Amino acid sequence: MVRQFLRRMFAGRKNDEEHETRPEHIAAESYENDMEMTKEVEPEPALPFETAAKNKELEVPRAEPRIYTITRDKIEHHSYKEMMNLVEEILEQVELGLRSEGRLQLRLSPELIEETDEFFAKRIGKYIEGAERETYDATAFFDWQDKETARIYRTYVLPAHPEKQQTFMQGRLVMIYDTCEALAWDARQIAKAFAEAVHWELTDEDFRRFEKSMETISQRLQGEGNDLLAEQQKYEVDGQPSSEKEDEFAHITPIQISREEVENENIAKLASFFDRTLSDPKQILEKKGGLVFSFYGFSGELEDVMGDEAVNVWASRLVEQYPYVFYFLNDQYVPMTRFVTSMVVKSRVEGDAIVYDEQELEEFVGFIGGALTRIAEWTEEDPRQVIEEFEQKLFS
């Protein structure tokens, strides 16, 4: 629970100067005030995977590096499959005890090395950020002692504006700490190597403050969990067994999407849900009608969110890649089907009703119907019934 919350709160930020709005974080603002980077203090030399033997210092042989070459074709097609396979391979070797570090090294193809267009340089940075979001563990797996990896990351990914660098560094530190916690690695050592690679100087006091902020968030989440437990106990006292309340929500999968994720067109949370669920028809049936997601970090009324251009682009990407999302949406408490449709199809709010553009809606319903037919065939359901359920939720 804590790890998922941290991923939600501190996902990587977009580099573009035109995106100045920042989401509210529980601990980020206080952390920005506390965390001071010093230029006078000489950074400690930190080699994450060197150690000393008990009697004399010995350098432990490093793992073989894994090379990931970024090409124009991968950028143009937003292709992260090879990166995901490399990260999975490294993770598997770590879990088997065959590897004690990531050593994932970045390289640019010859054509990108010669590329001088400033706009395309930004696309290289966005591509690397996208790879970090899609794989998440990649940030901790990058070989920060590799000079070329450090140069590429520093040149194309690190924001140019110092004030944006602060938030950027926080996000990357959380990602590194998250992965290291899961693998029982020394997070501070890897984080120090990362900071040195991008030419940021962090003192031990900086890390203590950062780790304290992480601990504070965890404690607050624990408090929320205790409040939920107390609420369940209250239902039991009032005559409604807590098990019944749990059963009522057991099939619900809630996902929260931040404004930052919307602006970055980041659908990784939902992609992760679909990757897990679509692997097995039984899983698909179990998750049917249980998905609810919401946005935070936006101001105004519901219609303002529906009409937000960034939200429309984000939702369009989601529906384009995962049109069967409507098979999984839960409309029991919130009209999710109409809500998501309104973000993709041109619409307006009239009183309590949502009015859609008729031509766009007709094309949309046909497109979703085709996706629902395919998933129904996989689960051996009646496609006509699945489509009818979708249309009832949309038009009721």
# chains A, B, ... in the order shown; residues from 1 in each chain; ligands from 1
$ residues_around --residues "Tyr327 (chain A)" --least-positions-apart "5" --cutoff "8 Å" --atoms "only C-alpha atoms" --output "JSON, numbers by chain"
{"A": [288, 289, 372, 386, 390]}
$ write_last_selection --atoms "all heavy atoms" --output "mmCIF file, in the first residue's frame"
data_model
loop_
_atom_site.group_PDB
_atom_site.id
_atom_site.type_symbol
_atom_site.label_atom_id
_atom_site.label_comp_id
_atom_site.auth_asym_id
_atom_site.auth_seq_id
_atom_site.Cartn_x
_atom_site.Cartn_y
_atom_site.Cartn_z
ATOM 1 N N LYS A 288 -14.195 -8.268 -13.897
ATOM 2 C CA LYS A 288 -15.245 -7.625 -14.676
ATOM 3 C C LYS A 288 -16.101 -6.709 -13.804
ATOM 4 O O LYS A 288 -16.550 -7.098 -12.728
ATOM 5 C CB LYS A 288 -16.128 -8.685 -15.334
ATOM 6 C CG LYS A 288 -17.257 -8.117 -16.180
ATOM 7 C CD LYS A 288 -18.104 -9.220 -16.786
ATOM 8 C CE LYS A 288 -19.238 -8.636 -17.630
ATOM 9 N NZ LYS A 288 -20.080 -9.701 -18.241
ATOM 10 N N GLY A 289 -16.307 -5.488 -14.269
ATOM 11 C CA GLY A 289 -17.177 -4.554 -13.559
ATOM 12 C C GLY A 289 -16.651 -4.111 -12.209
ATOM 13 O O GLY A 289 -17.444 -3.740 -11.337
ATOM 14 N N LEU A 372 -15.215 -5.288 -27.231
ATOM 15 C CA LEU A 372 -15.968 -6.105 -26.273
ATOM 16 C C LEU A 372 -16.293 -7.471 -26.871
ATOM 17 O O LEU A 372 -16.335 -8.472 -26.147
ATOM 18 C CB LEU A 372 -17.251 -5.377 -25.863
ATOM 19 C CG LEU A 372 -17.050 -4.074 -25.072
ATOM 20 C CD1 LEU A 372 -18.398 -3.412 -24.775
ATOM 21 C CD2 LEU A 372 -16.303 -4.348 -23.765
ATOM 22 N N VAL A 386 -22.666 -8.855 -23.633
ATOM 23 C CA VAL A 386 -21.623 -7.961 -23.117
ATOM 24 C C VAL A 386 -21.788 -6.559 -23.698
ATOM 25 O O VAL A 386 -21.691 -5.555 -22.980
ATOM 26 C CB VAL A 386 -20.223 -8.525 -23.458
ATOM 27 C CG1 VAL A 386 -19.140 -7.508 -23.101
ATOM 28 C CG2 VAL A 386 -19.983 -9.830 -22.707
ATOM 29 N N PHE A 390 -22.845 -2.890 -21.796
ATOM 30 C CA PHE A 390 -22.123 -1.635 -21.985
ATOM 31 C C PHE A 390 -23.078 -0.522 -22.409
ATOM 32 O O PHE A 390 -23.036 0.596 -21.853
ATOM 33 C CB PHE A 390 -21.025 -1.836 -23.041
ATOM 34 C CG PHE A 390 -20.550 -0.576 -23.685
ATOM 35 C CD1 PHE A 390 -19.826 0.367 -22.950
ATOM 36 C CD2 PHE A 390 -20.836 -0.303 -25.022
ATOM 37 C CE1 PHE A 390 -19.380 1.543 -23.550
ATOM 38 C CE2 PHE A 390 -20.398 0.863 -25.621
ATOM 39 C CZ PHE A 390 -19.673 1.798 -24.881
#
$ closest_residue --among "A:Val340, A:Leu173, A:Ala160, A:Ile70" --to "Ile113 (chain A)" --atoms "only C-alpha atoms"
A:Ile70
$ atom_distance --atom1 "CA of Thr253 (chain A)" --atom2 "CA of Asp137 (chain A)"
23.1 Å
$ select_by_dssp --residues "region 66-121 of chain A" --states "strand (DSSP E)" --output "PyMOL selection string"
chain A and resi 66-70+104-108
$ write_last_selection --atoms "all heavy atoms" --output "PDB file, in the first residue's frame"
ATOM      1  N   ARG A  66      24.193  -4.664 -19.116  1.00  0.00           N
ATOM      2  CA  ARG A  66      23.181  -4.879 -20.149  1.00  0.00           C
ATOM      3  C   ARG A  66      23.035  -3.560 -20.898  1.00  0.00           C
ATOM      4  O   ARG A  66      22.807  -2.527 -20.290  1.00  0.00           O
ATOM      5  CB  ARG A  66      21.841  -5.287 -19.536  1.00  0.00           C
ATOM      6  CG  ARG A  66      21.876  -6.655 -18.872  1.00  0.00           C
ATOM      7  CD  ARG A  66      21.996  -7.762 -19.917  1.00  0.00           C
ATOM      8  NE  ARG A  66      21.905  -9.090 -19.320  1.00  0.00           N
ATOM      9  CZ  ARG A  66      22.939  -9.777 -18.877  1.00  0.00           C
ATOM     10  NH1 ARG A  66      24.159  -9.246 -18.951  1.00  0.00           N
ATOM     11  NH2 ARG A  66      22.787 -10.980 -18.356  1.00  0.00           N
ATOM     12  N   ILE A  67      23.155  -3.599 -22.203  1.00  0.00           N
ATOM     13  CA  ILE A  67      23.146  -2.382 -23.017  1.00  0.00           C
ATOM     14  C   ILE A  67      21.770  -2.173 -23.634  1.00  0.00           C
ATOM     15  O   ILE A  67      21.198  -3.099 -24.228  1.00  0.00           O
ATOM     16  CB  ILE A  67      24.194  -2.442 -24.144  1.00  0.00           C
ATOM     17  CG1 ILE A  67      25.576  -2.782 -23.570  1.00  0.00           C
ATOM     18  CG2 ILE A  67      24.229  -1.120 -24.917  1.00  0.00           C
ATOM     19  CD1 ILE A  67      26.128  -1.740 -22.632  1.00  0.00           C
ATOM     20  N   TYR A  68      21.246  -0.964 -23.493  1.00  0.00           N
ATOM     21  CA  TYR A  68      19.993  -0.618 -24.151  1.00  0.00           C
ATOM     22  C   TYR A  68      20.252   0.552 -25.101  1.00  0.00           C
ATOM     23  O   TYR A  68      20.605   1.660 -24.672  1.00  0.00           O
ATOM     24  CB  TYR A  68      18.908  -0.227 -23.149  1.00  0.00           C
ATOM     25  CG  TYR A  68      17.581   0.055 -23.816  1.00  0.00           C
ATOM     26  CD1 TYR A  68      16.807  -0.986 -24.298  1.00  0.00           C
ATOM     27  CD2 TYR A  68      17.124   1.355 -23.995  1.00  0.00           C
ATOM     28  CE1 TYR A  68      15.591  -0.753 -24.940  1.00  0.00           C
ATOM     29  CE2 TYR A  68      15.911   1.602 -24.630  1.00  0.00           C
ATOM     30  CZ  TYR A  68      15.153   0.544 -25.098  1.00  0.00           C
ATOM     31  OH  TYR A  68      13.965   0.781 -25.736  1.00  0.00           O
ATOM     32  N   THR A  69      20.078   0.311 -26.390  1.00  0.00           N
ATOM     33  CA  THR A  69      20.337   1.338 -27.395  1.00  0.00           C
ATOM     34  C   THR A  69      19.033   2.006 -27.814  1.00  0.00           C
ATOM     35  O   THR A  69      18.086   1.331 -28.240  1.00  0.00           O
ATOM     36  CB  THR A  69      21.018   0.731 -28.637  1.00  0.00           C
ATOM     37  OG1 THR A  69      22.245   0.095 -28.235  1.00  0.00           O
ATOM     38  CG2 THR A  69      21.331   1.811 -29.656  1.00  0.00           C
ATOM     39  N   ILE A  70      18.992   3.316 -27.681  1.00  0.00           N
ATOM     40  CA  ILE A  70      17.811   4.099 -28.059  1.00  0.00           C
ATOM     41  C   ILE A  70      17.922   4.455 -29.536  1.00  0.00           C
ATOM     42  O   ILE A  70      18.941   4.969 -29.980  1.00  0.00           O
ATOM     43  CB  ILE A  70      17.716   5.378 -27.210  1.00  0.00           C
ATOM     44  CG1 ILE A  70      17.663   5.021 -25.720  1.00  0.00           C
ATOM     45  CG2 ILE A  70      16.502   6.202 -27.602  1.00  0.00           C
ATOM     46  CD1 ILE A  70      17.797   6.218 -24.803  1.00  0.00           C
ATOM     47  N   LEU A 104      22.368  -1.500 -16.025  1.00  0.00           N
ATOM     48  CA  LEU A 104      21.690  -1.251 -17.286  1.00  0.00           C
ATOM     49  C   LEU A 104      22.234   0.050 -17.873  1.00  0.00           C
ATOM     50  O   LEU A 104      22.096   1.118 -17.285  1.00  0.00           O
ATOM     51  CB  LEU A 104      20.181  -1.137 -17.041  1.00  0.00           C
ATOM     52  CG  LEU A 104      19.282  -0.877 -18.247  1.00  0.00           C
ATOM     53  CD1 LEU A 104      19.491  -1.945 -19.309  1.00  0.00           C
ATOM     54  CD2 LEU A 104      17.821  -0.827 -17.815  1.00  0.00           C
ATOM     55  N   GLN A 105      22.885  -0.056 -19.007  1.00  0.00           N
ATOM     56  CA  GLN A 105      23.573   1.092 -19.595  1.00  0.00           C
ATOM     57  C   GLN A 105      22.844   1.602 -20.833  1.00  0.00           C
ATOM     58  O   GLN A 105      22.365   0.820 -21.653  1.00  0.00           O
ATOM     59  CB  GLN A 105      25.019   0.704 -19.962  1.00  0.00           C
ATOM     60  CG  GLN A 105      25.841   0.279 -18.749  1.00  0.00           C
ATOM     61  CD  GLN A 105      27.271  -0.103 -19.110  1.00  0.00           C
ATOM     62  OE1 GLN A 105      27.624  -0.152 -20.286  1.00  0.00           O
ATOM     63  NE2 GLN A 105      28.087  -0.373 -18.106  1.00  0.00           N
ATOM     64  N   LEU A 106      22.762   2.924 -20.944  1.00  0.00           N
ATOM     65  CA  LEU A 106      22.094   3.573 -22.060  1.00  0.00           C
ATOM     66  C   LEU A 106      23.086   3.933 -23.159  1.00  0.00           C
ATOM     67  O   LEU A 106      24.205   4.367 -22.878  1.00  0.00           O
ATOM     68  CB  LEU A 106      21.383   4.842 -21.594  1.00  0.00           C
ATOM     69  CG  LEU A 106      20.216   4.661 -20.612  1.00  0.00           C
ATOM     70  CD1 LEU A 106      19.704   6.021 -20.156  1.00  0.00           C
ATOM     71  CD2 LEU A 106      19.096   3.844 -21.241  1.00  0.00           C
ATOM     72  N   ARG A 107      22.638   3.782 -24.399  1.00  0.00           N
ATOM     73  CA  ARG A 107      23.419   4.208 -25.547  1.00  0.00           C
ATOM     74  C   ARG A 107      22.470   4.807 -26.581  1.00  0.00           C
ATOM     75  O   ARG A 107      21.288   4.461 -26.642  1.00  0.00           O
ATOM     76  CB  ARG A 107      24.175   3.029 -26.177  1.00  0.00           C
ATOM     77  CG  ARG A 107      25.230   2.406 -25.281  1.00  0.00           C
ATOM     78  CD  ARG A 107      26.401   3.341 -25.034  1.00  0.00           C
ATOM     79  NE  ARG A 107      27.453   2.703 -24.258  1.00  0.00           N
ATOM     80  CZ  ARG A 107      27.527   2.763 -22.928  1.00  0.00           C
ATOM     81  NH1 ARG A 107      26.591   3.414 -22.243  1.00  0.00           N
ATOM     82  NH2 ARG A 107      28.515   2.174 -22.300  1.00  0.00           N
ATOM     83  N   LEU A 108      22.989   5.719 -27.395  1.00  0.00           N
ATOM     84  CA  LEU A 108      22.233   6.285 -28.504  1.00  0.00           C
ATOM     85  C   LEU A 108      22.716   5.653 -29.800  1.00  0.00           C
ATOM     86  O   LEU A 108      23.912   5.395 -29.972  1.00  0.00           O
ATOM     87  CB  LEU A 108      22.428   7.803 -28.572  1.00  0.00           C
ATOM     88  CG  LEU A 108      21.977   8.631 -27.356  1.00  0.00           C
ATOM     89  CD1 LEU A 108      22.244  10.113 -27.617  1.00  0.00           C
ATOM     90  CD2 LEU A 108      20.510   8.395 -27.043  1.00  0.00           C
TER      91      LEU A 108
END
$ closest_residue --among "A:Ala63, A:Ile267, A:Met343, A:Leu158" --to "Glu309 (chain A)" --atoms "only C-alpha atoms"
A:Met343
$ residues_around --residues "Thr373 (chain A)" --least-positions-apart "5" --cutoff "8 Å" --atoms "only C-alpha atoms" --output "MDAnalysis selection string"
chainID A and resid 383:384 386:387
$ write_last_selection --atoms "N, CA and C atoms" --output "tab-separated table (two decimals), in the first residue's frame"
chain	number	residue	atom	x	y	z
A	383	PRO	N	-21.21	-12.33	-26.77
A	383	PRO	CA	-20.80	-10.97	-27.14
A	383	PRO	C	-21.95	-9.98	-27.15
A	384	ARG	N	-23.14	-10.43	-27.62
A	384	ARG	CA	-24.30	-9.53	-27.67
A	384	ARG	C	-24.70	-9.07	-26.28
A	386	VAL	N	-22.67	-8.86	-23.63
A	386	VAL	CA	-21.62	-7.96	-23.12
A	386	VAL	C	-21.79	-6.56	-23.70
A	387	ILE	N	-22.07	-6.47	-24.99
A	387	ILE	CA	-22.28	-5.17	-25.63
A	387	ILE	C	-23.54	-4.50	-25.08
$ residues_around --residues "Tyr127 (chain A)" --least-positions-apart "2" --cutoff "10 Å" --atoms "only C-alpha atoms" --output "MDAnalysis selection string"
chainID A and resid 70 74:76 78:80 121:125 129:133 156:157
$ write_last_selection --atoms "N, CA, C and O atoms" --output "PDB file, in the first residue's frame"
ATOM      1  N   ILE A  70      18.992   3.316 -27.681  1.00  0.00           N
ATOM      2  CA  ILE A  70      17.811   4.099 -28.059  1.00  0.00           C
ATOM      3  C   ILE A  70      17.922   4.455 -29.536  1.00  0.00           C
ATOM      4  O   ILE A  70      18.941   4.969 -29.980  1.00  0.00           O
ATOM      5  N   LYS A  74      12.372   3.442 -32.130  1.00  0.00           N
ATOM      6  CA  LYS A  74      11.778   3.197 -30.810  1.00  0.00           C
ATOM      7  C   LYS A  74      11.075   4.441 -30.290  1.00  0.00           C
ATOM      8  O   LYS A  74      10.002   4.362 -29.671  1.00  0.00           O
ATOM      9  N   ILE A  75      11.677   5.597 -30.517  1.00  0.00           N
ATOM     10  CA  ILE A  75      11.077   6.853 -30.069  1.00  0.00           C
ATOM     11  C   ILE A  75       9.798   7.137 -30.838  1.00  0.00           C
ATOM     12  O   ILE A  75       8.765   7.493 -30.251  1.00  0.00           O
ATOM     13  N   GLU A  76       9.858   6.968 -32.165  1.00  0.00           N
ATOM     14  CA  GLU A  76       8.700   7.269 -33.009  1.00  0.00           C
ATOM     15  C   GLU A  76       7.501   6.386 -32.658  1.00  0.00           C
ATOM     16  O   GLU A  76       6.354   6.832 -32.720  1.00  0.00           O
ATOM     17  N   HIS A  78       7.066   4.771 -29.690  1.00  0.00           N
ATOM     18  CA  HIS A  78       6.904   4.631 -28.228  1.00  0.00           C
ATOM     19  C   HIS A  78       7.108   3.176 -27.805  1.00  0.00           C
ATOM     20  O   HIS A  78       6.320   2.613 -27.031  1.00  0.00           O
ATOM     21  N   SER A  79       8.137   2.558 -28.347  1.00  0.00           N
ATOM     22  CA  SER A  79       8.383   1.137 -28.097  1.00  0.00           C
ATOM     23  C   SER A  79       9.295   0.937 -26.883  1.00  0.00           C
ATOM     24  O   SER A  79      10.457   1.358 -26.884  1.00  0.00           O
ATOM     25  N   TYR A  80       8.752   0.279 -25.862  1.00  0.00           N
ATOM     26  CA  TYR A  80       9.514   0.018 -24.639  1.00  0.00           C
ATOM     27  C   TYR A  80       9.660  -1.481 -24.358  1.00  0.00           C
ATOM     28  O   TYR A  80      10.123  -1.862 -23.283  1.00  0.00           O
ATOM     29  N   ALA A 121      15.820  16.325 -29.515  1.00  0.00           N
ATOM     30  CA  ALA A 121      16.563  16.070 -28.272  1.00  0.00           C
ATOM     31  C   ALA A 121      15.602  15.968 -27.094  1.00  0.00           C
ATOM     32  O   ALA A 121      15.770  15.127 -26.204  1.00  0.00           O
ATOM     33  N   LYS A 122      14.565  16.811 -27.103  1.00  0.00           N
ATOM     34  CA  LYS A 122      13.552  16.727 -26.044  1.00  0.00           C
ATOM     35  C   LYS A 122      12.805  15.404 -26.122  1.00  0.00           C
ATOM     36  O   LYS A 122      12.440  14.833 -25.093  1.00  0.00           O
ATOM     37  N   ARG A 123      12.598  14.925 -27.347  1.00  0.00           N
ATOM     38  CA  ARG A 123      11.894  13.654 -27.498  1.00  0.00           C
ATOM     39  C   ARG A 123      12.732  12.500 -26.956  1.00  0.00           C
ATOM     40  O   ARG A 123      12.182  11.521 -26.437  1.00  0.00           O
ATOM     41  N   ILE A 124      14.032  12.599 -27.054  1.00  0.00           N
ATOM     42  CA  ILE A 124      14.905  11.567 -26.462  1.00  0.00           C
ATOM     43  C   ILE A 124      14.699  11.547 -24.954  1.00  0.00           C
ATOM     44  O   ILE A 124      14.556  10.476 -24.338  1.00  0.00           O
ATOM     45  N   GLY A 125      14.676  12.734 -24.352  1.00  0.00           N
ATOM     46  CA  GLY A 125      14.461  12.818 -22.910  1.00  0.00           C
ATOM     47  C   GLY A 125      13.109  12.263 -22.502  1.00  0.00           C
ATOM     48  O   GLY A 125      12.996  11.518 -21.520  1.00  0.00           O
ATOM     49  N   GLU A 129      12.199   9.061 -20.031  1.00  0.00           N
ATOM     50  CA  GLU A 129      11.234   9.198 -18.935  1.00  0.00           C
ATOM     51  C   GLU A 129      10.103   8.189 -19.087  1.00  0.00           C
ATOM     52  O   GLU A 129       9.643   7.596 -18.092  1.00  0.00           O
ATOM     53  N   GLY A 130       9.642   8.004 -20.316  1.00  0.00           N
ATOM     54  CA  GLY A 130       8.584   7.029 -20.551  1.00  0.00           C
ATOM     55  C   GLY A 130       9.033   5.622 -20.201  1.00  0.00           C
ATOM     56  O   GLY A 130       8.267   4.839 -19.630  1.00  0.00           O
ATOM     57  N   ALA A 131      10.286   5.308 -20.521  1.00  0.00           N
ATOM     58  CA  ALA A 131      10.827   3.979 -20.177  1.00  0.00           C
ATOM     59  C   ALA A 131      10.863   3.794 -18.665  1.00  0.00           C
ATOM     60  O   ALA A 131      10.582   2.704 -18.158  1.00  0.00           O
ATOM     61  N   GLU A 132      11.206   4.866 -17.945  1.00  0.00           N
ATOM     62  CA  GLU A 132      11.223   4.777 -16.481  1.00  0.00           C
ATOM     63  C   GLU A 132       9.827   4.540 -15.936  1.00  0.00           C
ATOM     64  O   GLU A 132       9.641   3.781 -14.984  1.00  0.00           O
ATOM     65  N   ARG A 133       8.834   5.211 -16.531  1.00  0.00           N
ATOM     66  CA  ARG A 133       7.462   5.031 -16.053  1.00  0.00           C
ATOM     67  C   ARG A 133       6.944   3.634 -16.378  1.00  0.00           C
ATOM     68  O   ARG A 133       6.271   3.002 -15.564  1.00  0.00           O
ATOM     69  N   TYR A 156      19.725  14.773 -21.505  1.00  0.00           N
ATOM     70  CA  TYR A 156      18.397  14.708 -22.109  1.00  0.00           C
ATOM     71  C   TYR A 156      17.240  14.619 -21.117  1.00  0.00           C
ATOM     72  O   TYR A 156      16.105  14.955 -21.481  1.00  0.00           O
ATOM     73  N   VAL A 157      17.478  14.149 -19.910  1.00  0.00           N
ATOM     74  CA  VAL A 157      16.377  13.903 -18.977  1.00  0.00           C
ATOM     75  C   VAL A 157      16.315  14.939 -17.856  1.00  0.00           C
ATOM     76  O   VAL A 157      15.223  15.423 -17.519  1.00  0.00           O
TER      77      VAL A 157
END
$ atom_distance --atom1 "CA of Pro323 (chain A)" --atom2 "CA of Ile368 (chain A)"
5.9 Å
$ closest_atom_pairs --of "region 73-142 of chain A" --to "region 177-197 of chain A" --cutoff "10 Å" --atoms "only C-alpha atoms" --output "CSV"
residue,atom,partner,partner_atom,distance
A:Leu91,CA,A:Leu183,CA,8.9
A:Val94,CA,A:Leu183,CA,7.9
A:Glu95,CA,A:Leu183,CA,7.7
A:Ser100,CA,A:Trp185,CA,8.5
A:Glu101,CA,A:Trp185,CA,8.7
A:Tyr136,CA,A:Thr179,CA,8.1
A:Asp137,CA,A:Thr179,CA,5.8
A:Ala138,CA,A:Thr179,CA,8.9
A:Thr139,CA,A:Thr179,CA,8.7
A:Ala140,CA,A:Thr179,CA,6.6
A:Phe141,CA,A:Thr179,CA,8.9
A:Phe142,CA,A:Phe194,CA,8.7
$ closest_residue --among "A:Ala268, A:Val87, A:Val319, A:Ile255" --to "Tyr296 (chain A)" --atoms "only C-alpha atoms"
A:Ile255
$ closest_atom_pairs --of "region 303-370 of chain A" --to "region 273-277 of chain A" --cutoff "12 Å" --atoms "only C-alpha atoms" --output "tab-separated table"
residue	atom	partner	partner_atom	distance
A:Leu318	CA	A:Phe274	CA	11.0
A:Gln321	CA	A:Phe274	CA	10.5
A:Tyr322	CA	A:Phe274	CA	8.1
A:Pro323	CA	A:Phe274	CA	11.0
A:Tyr324	CA	A:Phe274	CA	9.5
A:Val325	CA	A:Phe274	CA	8.5
A:Phe326	CA	A:Phe274	CA	12.0
A:Tyr327	CA	A:Phe274	CA	11.4
A:Phe328	CA	A:Phe274	CA	9.7
